[in-house]
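First up is the structure itself, then whatever we jot down about it.
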Amino acid sequence: MKAITYEEFGGPEVLRLAEVTEPHAGPGQVRVKIVTAAVNPIDFRIRRGWNPHMAPKHFPAVPGVEAAGIVDELGEGVTGVLVGDEVMVWTETGAWAEYALASDFALKPAGLDWETAAALPVAFETSDRVLGALAVGQGETLLIHGAASVVGSVGVQLAVARGVTVIGTASEANHDYLRSLGAIPVVYGDGLADRVRAVAPQGVDAVYDVAGIDALDVSMELRGGTTDRIVTISDVRAFEVGIAFSADSRRFGPELSMYARLVADGSMRVRVDQSFPLADAAKANELSESGRPRGKLLLRP
């Protein structure tokens, strides 16, 4: 089968379209014919070797963690899904390929398009998990760095639904979008602490860092010098300063099905930016690393 691979850490230039052996479903796994796969910032951080605890165990490696496709093979003991079902998955063998294996999956609602479906697993699992870790609730104030990103915007919507006041950092071009989701937007960069205090003089109860760019110091400042109730998913400097780094996903299939139905009926929103042929994975990754996408980037095998 065709797949994107890399044989060494580095930039987008190390990605290659190659022929690799098709995987087959083992116990508890489904094999999925990929219709659309997603590109996430975590993908380039792993590829560049910046997240050693998530590095591939061997090369060549197939990148990508989330996708949507059609089940075409069932492993022993799999229940709740049939060959031919349309699903959203966290892949175990790499999503940027014609086929991938997964043991964590959710049925795709019939009214949900393939591109949006592929954009959901990482964003919803991550933000649901982080908001649980932060234990934010009714009447509290949450600061989200990188709030206009796909993961960040899902975090905004989940927090607002809990009755939380959300302040979101983003470029000015994304402020109207954040307002439409129920957040109070502020521009990131120098002077951020003062801008946050201006809209939240009562202070912030928790901080969710999606951006991973120089946000930890200002987060601690806004939390009164403590690292308590600050979580980052992107900045490995967290390990140096004692801030929680959240990267370990959990099985999430049933919850994802619930959230996917909300997206399908328009109750929640996820932005898609561009879709690329699988062979153009390097171009998609260049765009991802630029920080300019205004939604999910996707690959089509």
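By order of appearance in the structure tokens: chains A, B, ..., then residues from 1 within every chain, and ligands from 1 in the order shown.
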
TODO: Check the DSSP output for the backbone and give back, as a ChimeraX atom specification, the residues of region 12-253 of chain A in strand (DSSP E or B).
DONE: /A:16-19,30-39,61,66-74,86-90,97,99-102,104-107,141-145,165-169,184-186,206-209,230-232,244-245

Open item on the list: Show me, as a list in words, the residues that have an atom within 7 Å of region 207-219 of chain A when counting only C-alpha atoms, minus same-chain residues fewer than 6 positions from it.
Closed with: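 My reading of the contact set: Leu142, Leu143, Ile144, His145, Gly146, Gly152, Ala193, Arg229, Ile230, Val231, Thr232, Ile233, Ser234 and Asp235 of chain A.
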
Write out as JSON lines a residue-level contact list of region 25-68 of chain A versus region 76-80 of chain A with cut-off 8 Å: for each qualifying residue the closest pair of atoms and the distance in Å to one decimal, counting only C-alpha atoms, rows sorted by chain and residue number upward.
{"residue": "A:Gly26", "atom": "CA", "partner": "A:Glu76", "partner_atom": "CA", "distance": 6.7}
{"residue": "A:Pro27", "atom": "CA", "partner": "A:Glu76", "partner_atom": "CA", "distance": 4.4}
{"residue": "A:Gly28", "atom": "CA", "partner": "A:Val78", "partner_atom": "CA", "distance": 5.0}
{"residue": "A:Gln29", "atom": "CA", "partner": "A:Val78", "partner_atom": "CA", "distance": 6.6}
{"residue": "A:Val30", "atom": "CA", "partner": "A:Val78", "partner_atom": "CA", "distance": 7.4}

Where does region 32-150 of chain A meet region 254-277 of chain A within 10 Å, residue by residue, with the nearest atom pair and distance in Å to one decimal for each, counting only C-alpha atoms, listed by chain and rising number, as CSV?
residue,atom,partner,partner_atom,distance
A:Thr36,CA,A:Ser275,CA,8.7
A:Ala37,CA,A:Ser275,CA,9.3
A:Ala38,CA,A:Ser275,CA,8.9
A:Val39,CA,A:Ser275,CA,9.7
A:Val87,CA,A:Ser257,CA,9.4
A:Met88,CA,A:Leu256,CA,8.5
A:Val89,CA,A:Leu256,CA,9.6
A:Asp104,CA,A:Pro254,CA,9.5
A:Phe105,CA,A:Pro254,CA,8.3
A:Ala106,CA,A:Ser257,CA,5.5
A:Leu107,CA,A:Ser257,CA,6.2
A:Lys108,CA,A:Ser257,CA,7.0
A:Pro109,CA,A:Arg261,CA,6.2
A:Ala110,CA,A:Ala264,CA,8.4
A:Gly111,CA,A:Ala264,CA,5.8
A:Leu112,CA,A:Ala264,CA,5.0
A:Asp113,CA,A:Ala264,CA,8.3
A:Glu115,CA,A:Val272,CA,7.4
A:Thr116,CA,A:Val272,CA,6.8
A:Ala117,CA,A:Ala260,CA,7.4
A:Ala118,CA,A:Val272,CA,9.8
A:Ala119,CA,A:Val270,CA,7.5
A:Leu120,CA,A:Ala260,CA,7.3
A:Pro121,CA,A:Leu256,CA,6.7
A:Val122,CA,A:Leu256,CA,9.7
A:Ala123,CA,A:Val270,CA,9.0
A:Phe124,CA,A:Leu256,CA,7.0
A:Glu125,CA,A:Leu256,CA,7.3
A:Asp128,CA,A:Glu255,CA,9.2
A:Ala148,CA,A:Arg271,CA,9.4
A:Ser149,CA,A:Arg271,CA,8.6
A:Val150,CA,A:Val270,CA,6.4

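The nearest approach to Val204 (chain A) among the residues A:Gly139, A:Gly253, A:Pro56, A:Gly189, with only C-alpha atoms taken into account, belongs to A:Gly139.
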
Task: Distance criterion (only C-alpha atoms): nearest to Ala282 (chain A) out of A:Ala238, A:Val14, A:Ala55, A:Ala173 - done: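 With only C-alpha atoms as the atom set, the closest residue is A:Val14.
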
Within 10 Å of Thr21 (chain A) using only C-alpha atoms, minus same-chain residues under 6 positions, as a JSON list (two decimals) with all heavy atoms, in the first residue's frame:
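Contents of around_37.json, freshly written:
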[["chain", "number", "residue", "atom", "x", "y", "z"],
["A", 1, "MET", "N", 0.85, -1.19, 0.00],
["A", 1, "MET", "CA", 0.00, 0.00, 0.00],
["A", 1, "MET", "C", 0.88, 1.24, 0.00],
["A", 1, "MET", "O", 2.05, 1.19, 0.35],
["A", 1, "MET", "CB", -0.89, 0.01, 1.24],
["A", 1, "MET", "CG", -0.14, 0.25, 2.54],
["A", 1, "MET", "SD", -1.25, 0.53, 3.96],
["A", 1, "MET", "CE", -0.03, 0.85, 5.25],
["A", 2, "LYS", "N", 0.28, 2.37, -0.39],
["A", 2, "LYS", "CA", 1.00, 3.64, -0.36],
["A", 2, "LYS", "C", 0.88, 4.26, 1.04],
["A", 2, "LYS", "O", -0.17, 4.20, 1.67],
["A", 2, "LYS", "CB", 0.44, 4.60, -1.40],
["A", 2, "LYS", "CG", 0.75, 4.21, -2.84],
["A", 2, "LYS", "CD", 0.20, 5.24, -3.80],
["A", 2, "LYS", "CE", 0.66, 4.95, -5.22],
["A", 2, "LYS", "NZ", 0.20, 3.62, -5.70],
["A", 3, "ALA", "N", 1.98, 4.85, 1.49],
["A", 3, "ALA", "CA", 1.99, 5.51, 2.79],
["A", 3, "ALA", "C", 3.08, 6.57, 2.80],
["A", 3, "ALA", "O", 4.06, 6.48, 2.04],
["A", 3, "ALA", "CB", 2.23, 4.51, 3.92],
["A", 99, "TYR", "N", -4.25, 2.22, 4.42],
["A", 99, "TYR", "CA", -4.90, 1.42, 5.45],
["A", 99, "TYR", "C", -4.20, 1.66, 6.79],
["A", 99, "TYR", "O", -3.00, 1.91, 6.84],
["A", 99, "TYR", "CB", -4.83, -0.08, 5.12],
["A", 99, "TYR", "CG", -5.59, -0.47, 3.88],
["A", 99, "TYR", "CD1", -4.95, -0.48, 2.64],
["A", 99, "TYR", "CD2", -6.93, -0.82, 3.93],
["A", 99, "TYR", "CE1", -5.64, -0.83, 1.49],
["A", 99, "TYR", "CE2", -7.64, -1.17, 2.79],
["A", 99, "TYR", "CZ", -6.98, -1.17, 1.57],
["A", 99, "TYR", "OH", -7.67, -1.51, 0.43]]
